[in-house]
Every structure is written in C-alpha cells, then in structure tokens.
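Structure file target-v2.cif (mmCIF, C-alpha atoms (C1' of nucleotides)) is printed below.
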data_input
loop_
_atom_site.label_atom_id
_atom_site.label_comp_id
_atom_site.auth_asym_id
_atom_site.auth_seq_id
_atom_site.Cartn_x
_atom_site.Cartn_y
_atom_site.Cartn_z
CA MET A 1 -25.70 -7.50 17.29
CA ARG A 2 -26.18 -5.07 20.16
CA GLU A 3 -22.74 -3.91 19.13
CA MET A 4 -24.26 -2.36 16.03
CA PRO A 5 -25.15 1.33 16.26
CA GLU A 6 -28.71 2.20 15.29
CA PRO A 7 -28.91 2.15 11.47
CA VAL A 8 -29.95 5.48 9.97
CA LEU A 9 -32.01 3.76 7.26
CA GLU A 10 -33.51 0.39 6.48
CA ALA A 11 -31.20 -1.62 4.26
CA ALA A 12 -33.46 -1.48 1.20
CA GLU A 13 -33.79 2.30 1.38
CA PHE A 14 -30.05 2.70 1.90
CA GLN A 15 -29.31 0.55 -1.15
CA ARG A 16 -31.86 2.37 -3.31
CA ARG A 17 -30.35 5.77 -2.53
CA LEU A 18 -26.80 4.61 -2.95
CA LEU A 19 -27.33 2.82 -6.26
CA ASP A 20 -29.34 5.72 -7.62
CA TRP A 21 -26.42 8.01 -6.82
CA PHE A 22 -23.94 5.52 -8.25
CA ASN A 23 -25.79 5.28 -11.57
CA ARG A 24 -25.28 8.99 -12.10
CA HIS A 25 -22.05 9.83 -10.29
CA GLY A 26 -20.10 6.62 -9.70
CA ARG A 27 -16.85 5.61 -11.40
CA HIS A 28 -17.49 3.20 -14.23
CA ASP A 29 -14.27 3.24 -16.25
CA LEU A 30 -11.45 2.19 -13.93
CA PRO A 31 -9.00 -0.20 -15.61
CA TRP A 32 -10.03 -3.19 -13.48
CA GLN A 33 -13.72 -2.60 -14.19
CA CYS A 34 -13.35 -3.94 -17.71
CA GLN A 35 -12.65 -7.65 -18.25
CA ARG A 36 -13.65 -8.14 -14.65
CA THR A 37 -11.98 -11.50 -14.12
CA PRO A 38 -11.13 -12.77 -10.64
CA TYR A 39 -7.43 -12.45 -11.49
CA ARG A 40 -7.63 -8.80 -12.53
CA VAL A 41 -9.88 -7.91 -9.59
CA TRP A 42 -7.49 -9.68 -7.22
CA VAL A 43 -4.41 -7.85 -8.48
CA SER A 44 -6.21 -4.51 -8.34
CA GLU A 45 -7.46 -5.09 -4.81
CA ILE A 46 -3.99 -5.98 -3.59
CA MET A 47 -2.45 -2.91 -5.22
CA LEU A 48 -5.21 -0.72 -3.79
CA GLN A 49 -4.49 -1.73 -0.20
CA GLN A 50 -3.41 1.48 1.53
CA THR A 51 -2.77 3.03 -1.88
CA GLN A 52 -4.83 5.58 -3.77
CA VAL A 53 -6.47 4.83 -7.10
CA ALA A 54 -4.51 7.43 -9.07
CA THR A 55 -1.25 5.93 -7.84
CA VAL A 56 -2.26 2.37 -8.65
CA ILE A 57 -3.48 2.80 -12.24
CA PRO A 58 -0.10 2.95 -14.04
CA TYR A 59 1.26 0.09 -11.91
CA PHE A 60 -1.82 -1.99 -12.68
CA GLU A 61 -1.48 -1.37 -16.42
CA ARG A 62 2.21 -2.33 -16.47
CA PHE A 63 1.54 -5.37 -14.32
CA MET A 64 -1.26 -6.65 -16.54
CA ASP A 65 0.79 -5.97 -19.62
CA ARG A 66 3.60 -8.15 -18.30
CA PHE A 67 1.46 -10.75 -16.47
CA PRO A 68 -1.85 -11.04 -18.35
CA THR A 69 -2.73 -14.31 -16.62
CA LEU A 70 -2.34 -15.95 -13.26
CA ALA A 71 -0.19 -18.67 -14.83
CA GLU A 72 2.27 -16.13 -16.21
CA LEU A 73 2.52 -14.43 -12.83
CA ALA A 74 3.19 -17.76 -11.14
CA GLU A 75 5.96 -18.60 -13.59
CA ALA A 76 7.76 -15.28 -13.17
CA SER A 77 10.66 -14.71 -10.83
CA GLN A 78 10.12 -12.77 -7.61
CA ASP A 79 12.67 -10.25 -8.83
CA GLU A 80 10.58 -9.46 -11.85
CA VAL A 81 7.41 -9.13 -9.78
CA LEU A 82 9.14 -6.79 -7.35
CA HIS A 83 10.57 -4.81 -10.24
CA LEU A 84 7.03 -3.96 -11.31
CA TRP A 85 6.22 -3.15 -7.69
CA THR A 86 9.13 -0.72 -7.29
CA GLY A 87 7.78 2.58 -5.94
CA LEU A 88 4.39 1.21 -4.95
CA GLY A 89 5.39 0.37 -1.38
CA TYR A 90 4.38 -2.39 1.01
CA TYR A 91 6.43 -4.94 -0.90
CA ALA A 92 5.05 -7.86 1.10
CA ARG A 93 1.98 -7.37 -1.07
CA GLY A 94 4.01 -8.20 -4.15
CA ARG A 95 5.74 -11.13 -2.52
CA ASN A 96 2.45 -12.50 -1.21
CA LEU A 97 0.75 -12.02 -4.57
CA HIS A 98 3.49 -14.02 -6.25
CA LYS A 99 3.41 -16.70 -3.57
CA ALA A 100 -0.38 -16.97 -3.77
CA ALA A 101 -0.22 -17.30 -7.57
CA GLN A 102 2.16 -20.23 -7.26
CA ARG A 103 -0.02 -21.84 -4.61
CA LEU A 104 -3.11 -21.40 -6.78
CA MET A 105 -1.40 -23.10 -9.71
CA ALA A 106 -0.27 -25.99 -7.52
CA GLU A 107 -3.33 -26.51 -5.33
CA HIS A 108 -6.38 -24.84 -6.87
CA GLY A 109 -6.08 -25.72 -10.54
CA GLY A 110 -4.91 -22.25 -11.41
CA GLU A 111 -8.15 -20.55 -10.33
CA LEU A 112 -9.03 -18.23 -7.47
CA PRO A 113 -11.47 -19.92 -5.07
CA VAL A 114 -14.06 -17.19 -5.44
CA ALA A 115 -16.83 -19.46 -4.15
CA SER A 116 -15.35 -19.49 -0.66
CA LEU A 117 -14.58 -16.50 1.52
CA GLU A 118 -12.55 -18.69 3.84
CA ALA A 119 -10.45 -20.23 1.08
CA LEU A 120 -9.79 -16.82 -0.40
CA ALA A 121 -8.88 -15.24 2.92
CA GLY A 122 -6.52 -18.14 3.54
CA LEU A 123 -4.27 -17.00 0.73
CA PRO A 124 -1.30 -14.81 1.59
CA GLY A 125 -2.11 -11.10 1.31
CA ILE A 126 -5.89 -11.55 1.31
CA GLY A 127 -7.75 -10.59 4.48
CA CYS A 128 -11.47 -10.38 5.20
CA SER A 129 -12.16 -7.13 3.38
CA THR A 130 -10.09 -7.94 0.31
CA ALA A 131 -11.66 -11.40 0.10
CA GLY A 132 -15.10 -9.81 0.23
CA ALA A 133 -14.16 -7.28 -2.44
CA ILE A 134 -12.83 -9.96 -4.79
CA ILE A 135 -15.98 -12.08 -4.43
CA ALA A 136 -18.36 -9.16 -4.77
CA GLN A 137 -16.59 -7.59 -7.71
CA SER A 138 -15.77 -10.70 -9.71
CA THR A 139 -18.84 -12.91 -9.08
CA GLY A 140 -21.63 -10.61 -7.92
CA GLN A 141 -22.25 -12.92 -4.98
CA ARG A 142 -23.11 -11.15 -1.76
CA ALA A 143 -19.97 -10.31 0.19
CA VAL A 144 -19.26 -7.57 2.70
CA ILE A 145 -16.33 -5.17 2.47
CA LEU A 146 -14.93 -2.75 5.02
CA ASP A 147 -12.12 -0.68 3.59
CA GLY A 148 -11.05 2.82 4.51
CA ASN A 149 -13.75 4.43 2.37
CA VAL A 150 -16.55 2.39 3.91
CA LYS A 151 -15.20 2.96 7.40
CA ARG A 152 -15.14 6.71 6.84
CA SER A 153 -18.65 6.93 5.40
CA LEU A 154 -20.25 4.64 7.97
CA SER A 155 -18.50 6.24 10.91
CA ARG A 156 -19.80 9.65 9.83
CA LEU A 157 -23.29 8.45 9.02
CA HIS A 158 -23.66 6.99 12.51
CA ALA A 159 -21.20 9.20 14.39
CA VAL A 160 -19.23 6.15 15.52
CA GLU A 161 -16.79 7.25 18.21
CA GLY A 162 -13.24 5.94 18.45
CA TRP A 163 -10.41 5.21 16.04
CA PRO A 164 -11.54 2.56 13.49
CA GLY A 165 -8.24 0.73 13.99
CA ARG A 166 -9.48 -0.30 17.43
CA PRO A 167 -11.06 -3.76 17.24
CA ALA A 168 -14.17 -2.72 19.18
CA VAL A 169 -14.82 0.14 16.76
CA GLU A 170 -14.06 -2.02 13.77
CA ARG A 171 -16.61 -4.61 14.95
CA ARG A 172 -19.35 -1.96 15.01
CA LEU A 173 -18.45 -0.87 11.51
CA TRP A 174 -18.45 -4.45 10.25
CA ALA A 175 -21.93 -4.89 11.74
CA LEU A 176 -23.18 -1.80 9.93
CA ALA A 177 -21.56 -2.86 6.66
CA GLU A 178 -23.20 -6.26 7.04
CA HIS A 179 -26.56 -4.65 7.71
CA TYR A 180 -26.59 -2.52 4.57
CA THR A 181 -25.08 -4.96 2.06
CA PRO A 182 -27.72 -6.23 -0.43
CA GLU A 183 -28.20 -9.60 -2.11
CA GLU A 184 -28.61 -8.09 -5.56
CA ARG A 185 -26.47 -5.70 -7.60
CA VAL A 186 -23.54 -6.45 -5.34
CA VAL A 187 -20.94 -5.45 -7.92
CA ASP A 188 -22.38 -1.95 -8.18
CA TYR A 189 -23.16 -1.66 -4.48
CA THR A 190 -19.59 -2.48 -3.51
CA GLN A 191 -18.12 -0.08 -6.03
CA ALA A 192 -20.65 2.56 -4.98
CA MET A 193 -19.62 2.38 -1.33
CA MET A 194 -16.00 2.91 -2.29
CA ASP A 195 -16.86 5.70 -4.72
CA LEU A 196 -18.94 7.47 -2.11
CA GLY A 197 -16.01 7.52 0.28
CA ALA A 198 -13.43 8.35 -2.37
CA THR A 199 -15.25 11.12 -4.23
CA LEU A 200 -17.83 12.61 -1.84
CA CYS A 201 -17.33 11.57 1.75
CA ARG A 202 -13.64 12.47 1.54
CA ARG A 203 -11.34 12.76 4.51
CA GLY A 204 -10.65 16.47 4.36
CA THR A 205 -13.53 18.20 2.63
CA PRO A 206 -16.67 16.08 2.30
CA GLU A 207 -19.24 17.39 -0.16
CA CYS A 208 -22.23 16.82 2.05
CA SER A 209 -24.55 18.89 -0.13
CA ARG A 210 -24.29 16.27 -2.88
CA CYS A 211 -24.54 13.25 -0.61
CA PRO A 212 -27.60 10.98 -0.92
CA PHE A 213 -27.56 10.54 2.87
CA VAL A 214 -27.20 14.16 3.92
CA ASP A 215 -30.63 14.19 5.56
CA VAL A 216 -29.92 11.18 7.79
CA CYS A 217 -26.20 11.61 8.52
CA VAL A 218 -25.71 11.97 12.27
CA ALA A 219 -22.32 13.65 11.97
CA HIS A 220 -23.74 16.18 9.50
CA ALA A 221 -26.69 16.92 11.74
CA ARG A 222 -24.23 17.79 14.47
CA GLY A 223 -22.00 19.73 12.09
CA GLU A 224 -19.18 17.37 13.01
CA GLN A 225 -18.34 15.65 9.72
CA ARG A 226 -14.68 16.49 10.22
CA ARG A 227 -14.52 14.81 13.61
CA PHE A 228 -15.19 11.35 12.14
CA PRO A 229 -13.54 8.94 11.85
CA GLU A 230 -11.36 9.72 14.84
CA PRO A 231 -7.67 9.92 13.95
CA LYS A 232 -5.15 7.34 14.94
CA PRO A 233 -3.45 8.21 18.25
CA LYS A 234 -0.08 9.57 17.27
CA LYS A 235 3.35 9.21 18.73
CA ALA A 236 6.67 10.78 17.90
CA LEU A 237 8.58 9.28 14.99
CA PRO A 238 11.99 7.93 15.98
CA THR A 239 14.87 8.90 13.71
CA ARG A 240 17.41 6.36 12.50
CA THR A 241 20.55 7.10 10.54
CA THR A 242 22.35 4.99 8.00
CA LEU A 243 25.26 5.12 5.60
CA MET A 244 24.64 3.86 2.09
CA LEU A 245 27.76 2.76 0.25
CA VAL A 246 27.83 3.87 -3.37
CA LEU A 247 30.68 1.69 -4.58
CA GLN A 248 31.43 2.23 -8.24
CA ASP A 249 33.81 0.36 -10.48
CA SER A 250 35.82 1.92 -13.27
CA GLY A 251 32.81 1.61 -15.59
CA GLY A 252 30.54 3.57 -13.27
CA ARG A 253 28.58 0.51 -12.25
CA VAL A 254 27.27 0.44 -8.70
CA LEU A 255 27.39 -2.47 -6.28
CA LEU A 256 23.97 -3.61 -5.07
CA GLU A 257 22.97 -6.17 -2.49
CA GLN A 258 19.72 -8.06 -2.29
CA ARG A 259 17.99 -7.49 1.03
CA PRO A 260 16.68 -10.32 3.21
CA ALA A 261 13.43 -11.87 2.04
CA SER A 262 11.31 -10.35 4.79
CA GLY A 263 11.34 -7.08 6.68
CA LEU A 264 11.91 -3.57 5.40
CA TRP A 265 12.33 -3.50 1.63
CA GLY A 266 12.31 -7.32 1.76
CA GLY A 267 13.62 -8.97 -1.41
CA LEU A 268 14.48 -5.65 -3.00
CA TRP A 269 17.96 -4.66 -4.10
CA GLY A 270 19.69 -1.81 -2.34
CA LEU A 271 23.01 -0.23 -1.49
CA PRO A 272 25.06 -1.82 1.30
CA GLN A 273 24.01 -0.10 4.53
CA PHE A 274 26.03 0.60 7.66
CA ASP A 275 25.43 2.21 11.02
CA ASP A 276 28.75 4.07 10.96
CA LEU A 277 31.94 4.64 8.98
CA VAL A 278 33.87 2.05 10.99
CA ALA A 279 31.50 -0.71 9.97
CA LEU A 280 31.64 0.49 6.38
CA ARG A 281 35.46 0.44 6.34
CA ASP A 282 35.53 -3.02 7.88
CA TRP A 283 33.20 -4.24 5.18
CA LEU A 284 35.33 -2.71 2.43
CA ASP A 285 38.47 -4.34 3.86
CA VAL A 286 36.82 -7.71 3.47
CA HIS A 287 34.79 -7.36 0.29
CA ALA A 288 36.54 -4.65 -1.72
CA PRO A 289 40.14 -4.31 -0.60
CA GLY A 290 41.84 -1.37 -2.24
CA ALA A 291 38.63 0.64 -2.54
CA ALA A 292 39.09 4.40 -2.17
CA LEU A 293 36.61 6.39 -0.12
CA GLN A 294 35.49 9.74 -1.45
CA PRO A 295 33.93 12.67 0.44
CA ASN A 296 30.40 11.75 1.42
CA TRP A 297 27.46 13.37 -0.32
CA PRO A 298 24.87 15.43 1.52
CA ALA A 299 22.49 13.45 3.69
CA PHE A 300 18.81 13.30 2.86
CA SER A 301 15.91 11.86 4.76
CA HIS A 302 13.22 9.36 3.90
CA THR A 303 10.16 9.16 6.13
CA PHE A 304 8.28 5.94 6.76
CA SER A 305 4.99 5.63 8.60
CA HIS A 306 6.78 4.61 11.78
CA PHE A 307 10.27 6.17 11.63
CA LYS A 308 12.43 8.63 9.78
CA LEU A 309 15.58 7.40 8.07
CA GLU A 310 18.44 9.82 7.49
CA ILE A 311 20.59 8.54 4.66
CA THR A 312 24.16 9.61 4.01
CA PRO A 313 25.48 8.38 0.67
CA GLN A 314 29.13 7.36 0.95
CA PRO A 315 30.77 7.09 -2.48
CA ALA A 316 33.83 4.94 -3.09
CA ARG A 317 35.84 3.66 -6.03
CA VAL A 318 37.33 0.29 -6.73
CA VAL A 319 39.06 -1.28 -9.71
CA GLY A 320 39.49 -4.90 -10.71
CA LEU A 321 36.82 -6.29 -8.44
CA ASP A 322 34.94 -8.82 -10.52
CA SER A 323 33.53 -11.39 -8.13
CA VAL A 324 31.26 -9.74 -5.60
CA GLY A 325 29.73 -12.80 -3.98
CA GLU A 326 26.28 -14.16 -3.38
CA ALA A 327 23.22 -11.89 -3.62
CA ARG A 328 25.29 -9.00 -4.97
CA CYS A 329 25.58 -7.51 -8.41
CA TRP A 330 27.07 -4.65 -10.38
CA TYR A 331 24.29 -2.37 -11.52
CA ASP A 332 24.62 -0.01 -14.45
CA PRO A 333 22.65 3.16 -13.63
CA GLY A 334 22.58 4.06 -17.31
CA ASN A 335 21.06 0.71 -18.23
CA PRO A 336 18.74 -0.34 -15.39
CA GLY A 337 17.90 -4.00 -14.99
CA ARG A 338 14.55 -5.54 -14.12
CA ILE A 339 14.90 -5.80 -10.37
CA GLY A 340 13.10 -4.23 -7.41
CA LEU A 341 14.70 -1.18 -5.87
CA ALA A 342 13.86 0.72 -2.68
CA ALA A 343 12.53 4.15 -3.58
CA PRO A 344 15.40 6.24 -2.15
CA VAL A 345 17.92 3.90 -3.77
CA LYS A 346 16.19 4.19 -7.11
CA SER A 347 16.21 7.95 -6.76
CA LEU A 348 19.87 7.98 -5.78
CA LEU A 349 20.89 5.77 -8.69
CA ALA A 350 18.82 7.80 -11.13
CA SER A 351 20.53 10.98 -9.99
CA LEU A 352 23.94 9.61 -10.87
CA ALA A 353 22.98 7.75 -14.04
CA PRO A 354 23.86 10.47 -16.55
CA PHE A 355 27.02 11.42 -14.65
CA ALA A 356 28.43 8.02 -13.79
CA LEU A 357 31.85 9.50 -13.22
CA ALA A 358 30.83 12.68 -11.43
CA ALA A 359 29.49 13.30 -7.95
CA PRO A 360 25.82 14.28 -8.16
CA GLU A 361 24.16 16.96 -6.10
CA GLY A 362 22.05 14.36 -4.34
CA PRO A 363 18.62 12.98 -5.19
"C1'" DA B 1 -3.70 -4.92 21.29
"C1'" DA B 2 0.37 -3.09 19.42
"C1'" DC B 3 3.69 -3.15 15.93
"C1'" DT B 4 5.57 -3.68 11.19
"C1'" DC B 5 5.43 -2.64 6.52
"C1'" DG B 6 6.03 2.39 1.76
"C1'" DG B 7 5.31 5.71 -1.05
"C1'" DG B 8 2.80 9.47 -2.62
"C1'" DG B 9 -1.38 12.41 -2.86
"C1'" DA B 10 -3.77 16.09 -0.59
"C1'" DC B 11 -3.45 19.86 2.31
"C1'" DG C 1 5.98 19.95 7.19
"C1'" DT C 2 1.22 16.56 8.53
"C1'" DC C 3 -2.13 13.00 7.75
"C1'" DC C 4 -3.58 8.91 5.82
"C1'" DC C 5 -4.89 6.03 1.94
"C1'" DA C 6 -9.53 0.01 -1.73
"C1'" DG C 7 -5.10 -3.64 4.98
"C1'" DA C 8 -2.58 -7.77 6.18
"C1'" DG C 9 0.82 -10.29 8.82
"C1'" DT C 10 3.41 -10.87 12.98
"C1'" DT C 11 4.23 -10.61 17.81
#
Turn this file's structure into structure tokens for me.
Amino acid sequence: MREMPEPVLEAAEFQRRLLDWFNRHGRHDLPWQCQRTPYRVWVSEIMLQQTQVATVIPYFERFMDRFPTLAELAEASQDEVLHLWTGLGYYARGRNLHKAAQRLMAEHGGELPVASLEALAGLPGIGCSTAGAIIAQSTGQRAVILDGNVKRSLSRLHAVEGWPGRPAVERRLWALAEHYTPEERVVDYTQAMMDLGATLCRRGTPECSRCPFVDVCVAHARGEQRRFPEPKPKKALPTRTTLMLVLQDSGGRVLLEQRPASGLWGGLWGLPQFDDLVALRDWLDVHAPGAALQPNWPAFSHTFSHFKLEITPQPARVVGLDSVGEARCWYDPGNPGRIGLAAPVKSLLASLAPFALAAPEGP
DNA sequence: AACTCGGGGAC
DNA sequence: GTCCCAGAGTT
C-alpha cells in the first residue's frame, strides 16, 4: 500500500463529487446501457478495448442484431463472427469472444460467471479491467476497473510520473482506483469514471474548468495537465513491403486465401501475399498455370501500431481454373460474402467491384 | 519487461 | 503526417 500515491480526497468525498457530476453530465444513453445484461455488457467491453465509443457503436448494433444471445453467438461460425468484426481491428478479440461463448455454453451453463472475478478473467479475451467492468456494469457488485480513461484521470489528479504501461506505474494506479471505488452505486461510479476521462479529462484538451476535481488536481495546480500521463517511449516504425496478388477469373471474381488462425489478420480472408515477384510467379506456376500477369497497380501503404506495410497490388488473369484448393475461394467483389476481410483488402476489393474488368486507380 | 495485435478518430 | 484509444495474450 505504500505504493499508492497520497489520495487527493477521502473516498467518500471523491465518490460524492463524481456521482454528482455524473448525474448531470454523464452519458446515459449508450447502446449497451439499455438491457444491461451480462452478455451485452461483455460484448461491448470487448469491442471497446483500445477502440473509441463512436467507432464501436455501429459494430455493436450489427453484432447484437445478428447475435442477440450468447447461445446464438456460440453456434455461429468463426467466419461469420469475423465478418462482423471486419474493420474493427484486433481480430483476436473476435476470435476469443467466439471461443469464450462456446466454452460458456459447454462449461458454465450458457451464463457468464459474473459472481467471480477470477472465473471471468479466466475466459479468453477478458483481463482484470474488463472482468471488473463486466461485474460492475452488469451486477452492481463492487469491482475495480483501470482502463485508459481511469489511468489518464488518476495520473493527472495525483501527478503520477512514468508511462502507465510500466508495471510499477500501473500498480500505483490500480491502488488509487481501488481506494476510490465505492460499495454502492457501482454501475454509475464505473461509468462516471470512464465518462470523466472520455468527455472532460481528455488526452489533448482537458476541460479543467468543468472538472469536479479541479481544486484538488495536482497536475492542474502545477499547470501540467498535458504532461500526464507520460507518453509511451517511441521507436522508429520498421517498413515491410509485400505484393498482393489480385488474381481474377473471366467473371471478375478474385481469388482469396484464408490466413492462419493466429497472428496478423488471423482467420481473416486476404489476397495471396508474396515478398517478391519471383515468389509470386512460382506460386502461379503451381496453383494457376497459364495465368497472365498484368502491369502492377500503384503501391499504397497501411500503417500498423508497430510497422508500416507497403502494399503493391499485382493483378493477373486466369481462365478455366475451377478448383483452387483448401482454404481458398473465388470472391465476387460485386456480391460480397459474409467473411472477414483485412481492411486494406476490403478497400482494394471495393475499389474494383464496379469495374471488375478494368484496372482501378487504387484504393 | 518487451512485443504482438488494427483501425480510425482527433489533432 | 503523429498519437493513442473502455487491453489482452504471448514470449
């Protein structure tokens, strides 16, 4: 407990101020705040990992429309789950959600174990903070959360030095979060902490004048709100290059391959990728003999958090190739199927959909 | 403790 | 262009 910075307020006073602010200025009409079942809260919390609310909302609506219950999610194919995840990123979340749903049906009677933090956090895709959020939001039982919003607010309030990704810093923030979390009104308290960080104590331009803690905030007193939390130490992004084969048959359909189950774009469908033209030609010799290469299209780049990928689309034509082998399919860009696609692939296919027989300008 | 895993919003 | 977001899993 000596790890905990000095609290700026007693817990009861902190809660009173926060909840009073939340009553007047909090968000009360997010899609997962109605019919607050453990299942809906769970799905929302998974989608909201490292993803902003405005981005999540349409995905959440489509997901709930297609999978209204845990049982229906468990019975679906992974392809269909990933299809609804296309564009949301971090696809392991979708795979883990699906896997957890099947495990819950088989081993937990089709219910989330919301009475146990440990049982919840033992499910794939659910860590400490998400487990706490699910319990707090769906049962009202006391549970502590520490997401990006809470980290930002608490690190400013107490001027906690160091990048929150460092375990030592994260431990101090957990201790503070633990200290302030109440026994009562946990649903509102939890939502209020996230709303405070998302709407007031924002990363770029915090609105300190409207903050219920402006008078006790250490960072504000020093005029250093912007310095907290400390940014992640950065390093140069490596650049990788790849060729993406856009092999079309006489009907304009495009050959897709399903990617390995784990790793980048795991389980999604994509274009065959190659390091260089030699490897691409070798592959064509084996899998699509007689295919005719066309001039490549302009390269474009796609930036990930840890590297930049420069993609050169390499179009080719083939006729009379019906059997394409395991984990491959012919995809009609004008009539998309319900499968998961990597974002740049989806963009590339969309750009050629209306002009299946013409070379597009690029995505 | 460091690395992997996405896409988009905000600036 | 940069930064980072309702983090978790793997090494």
Query raised in the report: Need the neighbours of (-10.2, -4.3, -2.7): which residues are at most 6 Å away, counting only C-alpha atoms (C1' of nucleotides), as a list in words?
Result: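 The requested residues, written out, are Glu45, Thr130 and Ala133 of chain A; DA6 of chain C.
Residue membership of the PyMOL selection byres ((chain C and resi 7) around 9) in the shown file amounts to Ile46, Gln49, Gln50, Gly125, Ile126, Gly127, Ser129, Thr130, Asp147 and Gly148 of chain A; DA6 and DA8 of chain C.
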With a distance cut-off of 12 Å and all atoms listed in the file, select the neighbouring residues of DT10 (chain C), excluding the residue or stretch itself and same-chain residues fewer than 6 positions from it, and output the selection as a PDB file with C-alpha atoms (C1' of nucleotides), keeping the file's coordinate frame.
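After the write, selection29.pdb holds the following:
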ATOM      1  CA  SER A 262      11.310 -10.350   4.790  1.00  0.00           C
ATOM      2  CA  GLY A 263      11.340  -7.080   6.680  1.00  0.00           C
TER       3      GLY A 263
ATOM      4  C1'  DA B   2       0.370  -3.090  19.420  1.00  0.00           C
ATOM      5  C1'  DC B   3       3.690  -3.150  15.930  1.00  0.00           C
ATOM      6  C1'  DT B   4       5.570  -3.680  11.190  1.00  0.00           C
ATOM      7  C1'  DC B   5       5.430  -2.640   6.520  1.00  0.00           C
TER       8       DC B   5
END
**Report entry** Within 12 Å of DC5 (chain C) using all atoms listed in the file, minus same-chain residues under 2 positions, as JSON, numbers by chain
**Finding:** {"A": [47, 48, 49, 50, 51, 52, 53, 54, 55, 56, 147, 148, 149, 152, 197, 198, 202, 203, 305], "B": [6, 7, 8, 9, 10], "C": [3, 7]}
Query raised in the report: Taking only C-alpha atoms (C1' of nucleotides) into account, which residues of chain A are within 9 Å of chain B, as a PyMOL selection string?
Result: chain A and resi 51-52+54-55+87-92+166-167+204+263-265+304-306+343
Selection from above, C-alpha atoms, as a CSV table (one decimal), keeping the file's coordinate frame, can you write it?
chain,number,residue,atom,x,y,z
A,51,THR,CA,-2.8,3.0,-1.9
A,52,GLN,CA,-4.8,5.6,-3.8
A,54,ALA,CA,-4.5,7.4,-9.1
A,55,THR,CA,-1.2,5.9,-7.8
A,87,GLY,CA,7.8,2.6,-5.9
A,88,LEU,CA,4.4,1.2,-5.0
A,89,GLY,CA,5.4,0.4,-1.4
A,90,TYR,CA,4.4,-2.4,1.0
A,91,TYR,CA,6.4,-4.9,-0.9
A,92,ALA,CA,5.0,-7.9,1.1
A,166,ARG,CA,-9.5,-0.3,17.4
A,167,PRO,CA,-11.1,-3.8,17.2
A,204,GLY,CA,-10.6,16.5,4.4
A,263,GLY,CA,11.3,-7.1,6.7
A,264,LEU,CA,11.9,-3.6,5.4
A,265,TRP,CA,12.3,-3.5,1.6
A,304,PHE,CA,8.3,5.9,6.8
A,305,SER,CA,5.0,5.6,8.6
A,306,HIS,CA,6.8,4.6,11.8
A,343,ALA,CA,12.5,4.2,-3.6
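Between CA of Pro124 (chain A) and CA of Glu80 (chain A) there is a distance of 18.7 Å.
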**Report entry** Residue members of the PyMOL selection byres ((chain A and resi 123) around 10) in the file shown, as a list in words
**Finding:**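 In the shown coordinates, the PyMOL selection byres ((chain A and resi 123) around 10) covers Asn96, Leu97, Lys99, Ala100, Ala101, Arg103, Leu104, Leu112, Pro113, Glu118, Ala119, Leu120, Ala121, Gly122, Pro124, Gly125, Ile126, Gly127 and Ala131 of chain A.
Atom to atom, CA of Leu154 (chain A) and CA of Ser44 (chain A) stand 23.4 Å apart.
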Query raised in the report: In Å, how far is it from CA of Leu247 (chain A) to CA of Val318 (chain A)?
Result: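 Going from CA of Leu247 (chain A) over to CA of Val318 (chain A) covers 7.1 Å.
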Since the input is missing atoms for region 300-317 of chain A, could you rebuild it with N, CA and C atoms and give the result as a PDB file, in the frame of the given file?
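And here is the file that came out, rebuild_9.pdb:
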ATOM      1  N   PHE A 300      20.216  12.969   3.107  1.00  0.00           N
ATOM      2  CA  PHE A 300      18.810  13.300   2.860  1.00  0.00           C
ATOM      3  C   PHE A 300      17.969  12.339   3.687  1.00  0.00           C
ATOM      4  N   SER A 301      16.717  12.699   3.893  1.00  0.00           N
ATOM      5  CA  SER A 301      15.910  11.860   4.760  1.00  0.00           C
ATOM      6  C   SER A 301      14.734  11.250   4.004  1.00  0.00           C
ATOM      7  N   HIS A 302      14.335  10.096   4.486  1.00  0.00           N
ATOM      8  CA  HIS A 302      13.220   9.360   3.900  1.00  0.00           C
ATOM      9  C   HIS A 302      12.308   8.969   5.056  1.00  0.00           C
ATOM     10  N   THR A 303      11.058   9.393   5.009  1.00  0.00           N
ATOM     11  CA  THR A 303      10.160   9.160   6.130  1.00  0.00           C
ATOM     12  C   THR A 303       9.224   7.991   5.870  1.00  0.00           C
ATOM     13  N   PHE A 304       9.214   7.057   6.801  1.00  0.00           N
ATOM     14  CA  PHE A 304       8.280   5.940   6.760  1.00  0.00           C
ATOM     15  C   PHE A 304       7.116   6.267   7.691  1.00  0.00           C
ATOM     16  N   SER A 305       6.126   5.359   7.717  1.00  0.00           N
ATOM     17  CA  SER A 305       4.990   5.630   8.600  1.00  0.00           C
ATOM     18  C   SER A 305       5.398   5.535  10.066  1.00  0.00           C
ATOM     19  N   HIS A 306       6.454   4.811  10.378  1.00  0.00           N
ATOM     20  CA  HIS A 306       6.780   4.610  11.780  1.00  0.00           C
ATOM     21  C   HIS A 306       8.192   5.057  12.177  1.00  0.00           C
ATOM     22  N   PHE A 307       9.005   5.542  11.246  1.00  0.00           N
ATOM     23  CA  PHE A 307      10.270   6.170  11.630  1.00  0.00           C
ATOM     24  C   PHE A 307      10.816   6.981  10.467  1.00  0.00           C
ATOM     25  N   LYS A 308      11.784   7.829  10.806  1.00  0.00           N
ATOM     26  CA  LYS A 308      12.430   8.630   9.780  1.00  0.00           C
ATOM     27  C   LYS A 308      13.865   8.136   9.603  1.00  0.00           C
ATOM     28  N   LEU A 309      14.249   7.923   8.359  1.00  0.00           N
ATOM     29  CA  LEU A 309      15.580   7.400   8.070  1.00  0.00           C
ATOM     30  C   LEU A 309      16.417   8.492   7.418  1.00  0.00           C
ATOM     31  N   GLU A 310      17.531   8.842   8.076  1.00  0.00           N
ATOM     32  CA  GLU A 310      18.440   9.820   7.490  1.00  0.00           C
ATOM     33  C   GLU A 310      19.575   9.067   6.796  1.00  0.00           C
ATOM     34  N   ILE A 311      19.674   9.307   5.503  1.00  0.00           N
ATOM     35  CA  ILE A 311      20.590   8.540   4.660  1.00  0.00           C
ATOM     36  C   ILE A 311      21.758   9.407   4.227  1.00  0.00           C
ATOM     37  N   THR A 312      22.968   8.942   4.514  1.00  0.00           N
ATOM     38  CA  THR A 312      24.160   9.610   4.010  1.00  0.00           C
ATOM     39  C   THR A 312      24.815   8.739   2.954  1.00  0.00           C
ATOM     40  N   PRO A 313      24.804   9.167   1.704  1.00  0.00           N
ATOM     41  CA  PRO A 313      25.480   8.380   0.670  1.00  0.00           C
ATOM     42  C   PRO A 313      26.997   8.507   0.812  1.00  0.00           C
ATOM     43  N   GLN A 314      27.670   7.381   0.796  1.00  0.00           N
ATOM     44  CA  GLN A 314      29.130   7.360   0.950  1.00  0.00           C
ATOM     45  C   GLN A 314      29.741   6.762  -0.319  1.00  0.00           C
ATOM     46  N   PRO A 315      30.210   7.611  -1.236  1.00  0.00           N
ATOM     47  CA  PRO A 315      30.770   7.090  -2.480  1.00  0.00           C
ATOM     48  C   PRO A 315      32.166   6.504  -2.276  1.00  0.00           C
ATOM     49  N   ALA A 316      32.495   5.533  -3.099  1.00  0.00           N
ATOM     50  CA  ALA A 316      33.830   4.940  -3.090  1.00  0.00           C
ATOM     51  C   ALA A 316      34.118   4.357  -4.459  1.00  0.00           C
ATOM     52  N   ARG A 317      35.393   4.185  -4.731  1.00  0.00           N
ATOM     53  CA  ARG A 317      35.840   3.660  -6.030  1.00  0.00           C
ATOM     54  C   ARG A 317      36.641   2.397  -5.827  1.00  0.00           C
TER      55      ARG A 317
END
